[in-house]
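The structure appears below as structure tokens.
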Amino acid sequence: MDKVQVLARSRSDFAGGVDELTFRGTGMLDKTEYGYQLRYTAQNEADGSGVASEIRLETAQRRAVVISESKDGGYGLLLDPRRTTVTQIAGGDGGALTLHVETKEVSWHLPRRGEGHITLAYTLLLGTQALSALRLELTLTKEERDV
């Protein structure tokens, strides 16, 4: 398990425009039997708001599971470039919004030393209507250990 510095950049294109956010924080990257697991917390550079997420990268199927935690309950996404998946996101009224997820890209390069990268690109759809096209790019820098 390696402690990493995390730089997360997200871009969301939706009907009303574009939202670009940058988060910085720390996390733990673990090599697992299925691939990799990254757990991290980060703060938005613009307003200081925080995010806590877990990303599981599955090497054999080249897909990812993203779990985002928030005070509203968070959500989980299965990002699989080979098929459309479904997720539910909790609404403010206690209900849930069901969305389809079309994955465009799941890629990563996580060397033993130096800088690593994770890229996730997907579109959220309500029925057949695209709500938002998202691209999340994470840069991971392993912290030096005292020897």
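Numbering starts fresh at 1 for the residues of each chain in the structure tokens, the chains themselves are lettered A, B, ... in the order given, and ligands are numbered from 1 as they appear.
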
Name all residues at most 6 Å from Arg63 in chain A (count only C-alpha atoms; drop same-chain ones fewer than 5 positions away) and give them as a ChimeraX atom specification. /A:58,79-80

Output the selection as a compact mmCIF listing (two decimals), in the first residue's frame - C-alpha atoms for each residue.
```
# COMPACT_ATOMS: atom_id res chain seq x y z
CA GLU A 58 -10.18 -4.14 -12.66
CA LEU A 79 -17.66 2.10 -15.73
CA ASP A 80 -17.48 -0.63 -18.37
```

Write out as a PyMOL selection string each polymer residue whose atoms come within 10 Å of range 27-40 of chain A, counting only C-alpha atoms; drop sequence neighbours fewer than 5 positions from it. chain A and resi 1-6+51-68+108+110+140-142

Find the spatial neighbours of Leu21 in chain A, counting only C-alpha atoms, within a cut-off of 9 Å - ignore same-chain residues fewer than 5 positions away - and output them as JSON, numbers by chain. {"A": [8, 9, 10, 11, 12, 44, 45, 46]}

Can you tell me, as number ranges by chain, what residues are no more than 8 Å from Tyr75 in chain A when counting only C-alpha atoms, ignoring any on the same chain fewer than 4 positions away? A: 67-69, 87-90

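For the pair CA of Gly17 in chain A and CA of Ser107 in chain A, the separation is 25.8 Å.
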
Could you pull out the strand (DSSP E) residues of chain A, going by DSSP on the backbone, and write them as JSON, numbers by chain? {"A": [2, 3, 4, 5, 6, 7, 8, 9, 10, 11, 12, 13, 14, 17, 18, 19, 20, 21, 22, 23, 24, 25, 26, 27, 28, 29, 30, 31, 35, 36, 37, 38, 39, 40, 41, 42, 43, 44, 50, 51, 52, 53, 54, 55, 56, 57, 58, 63, 64, 65, 66, 67, 68, 69, 75, 76, 77, 78, 79, 85, 86, 87, 88, 89, 90, 96, 97, 98, 99, 100, 101, 102, 103, 104, 105, 106, 107, 108, 109, 115, 116, 117, 118, 119, 120, 121, 122, 123, 124, 125, 126, 129, 130, 131, 132, 133, 134, 135, 136, 137, 138, 139, 140, 141, 142]}

Let me make sure I understand: among A:Glu143, A:Asp47, A:Asp13, A:Glu20, which one has the smallest atom-to-atom distance to Tyr122 in chain A if we use only C-alpha atoms?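 Of the candidates, the smallest distance to Tyr122 in chain A is held by A:Asp13.
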
Calculated over only C-alpha atoms, which of the candidates A:Arg112, A:Arg135, A:Arg24, A:His100 has the smallest distance to Thr85 in chain A? A:His100

Considering only C-alpha atoms, state which residue in the set A:Leu77, A:Leu7, A:Glu137, A:Ala15 is at the smallest distance from His109 in chain A. A:Glu137

Between CA of Thr139 in chain A and CA of Gly76 in chain A, what distance in Å does the model show, to one decimal? 21.1 Å

Å distance separating CA of Glu105 in chain A from CA of Pro81 in chain A, one decimal place: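 These atoms are spaced 6.4 Å apart.
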
Do a neighbour search on Phe14 in chain A at 9 Å with only C-alpha atoms, toss out local chain neighbours closer than 6 positions, and write the hits as a PDB file with N, CA and C atoms, in the first residue's frame.
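Done, and the output landed in part02.pdb:
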```pdb
ATOM      1  N   ALA A 130     -28.834  12.582 -22.902  1.00  0.00           N
ATOM      2  CA  ALA A 130     -27.581  12.822 -22.192  1.00  0.00           C
ATOM      3  C   ALA A 130     -27.753  13.985 -21.221  1.00  0.00           C
ATOM      4  N   LEU A 131     -27.424  13.744 -19.955  1.00  0.00           N
ATOM      5  CA  LEU A 131     -27.469  14.804 -18.948  1.00  0.00           C
ATOM      6  C   LEU A 131     -26.120  15.493 -18.824  1.00  0.00           C
ATOM      7  N   SER A 132     -25.056  14.668 -18.827  1.00  0.00           N
ATOM      8  CA  SER A 132     -23.729  15.222 -18.618  1.00  0.00           C
ATOM      9  C   SER A 132     -22.674  14.257 -19.144  1.00  0.00           C
ATOM     10  N   ALA A 133     -21.681  14.810 -19.830  1.00  0.00           N
ATOM     11  CA  ALA A 133     -20.504  14.044 -20.249  1.00  0.00           C
ATOM     12  C   ALA A 133     -19.382  14.443 -19.303  1.00  0.00           C
ATOM     13  N   LEU A 134     -18.815  13.456 -18.632  1.00  0.00           N
ATOM     14  CA  LEU A 134     -17.804  13.732 -17.623  1.00  0.00           C
ATOM     15  C   LEU A 134     -16.457  13.119 -17.990  1.00  0.00           C
TER      16      LEU A 134
END
```
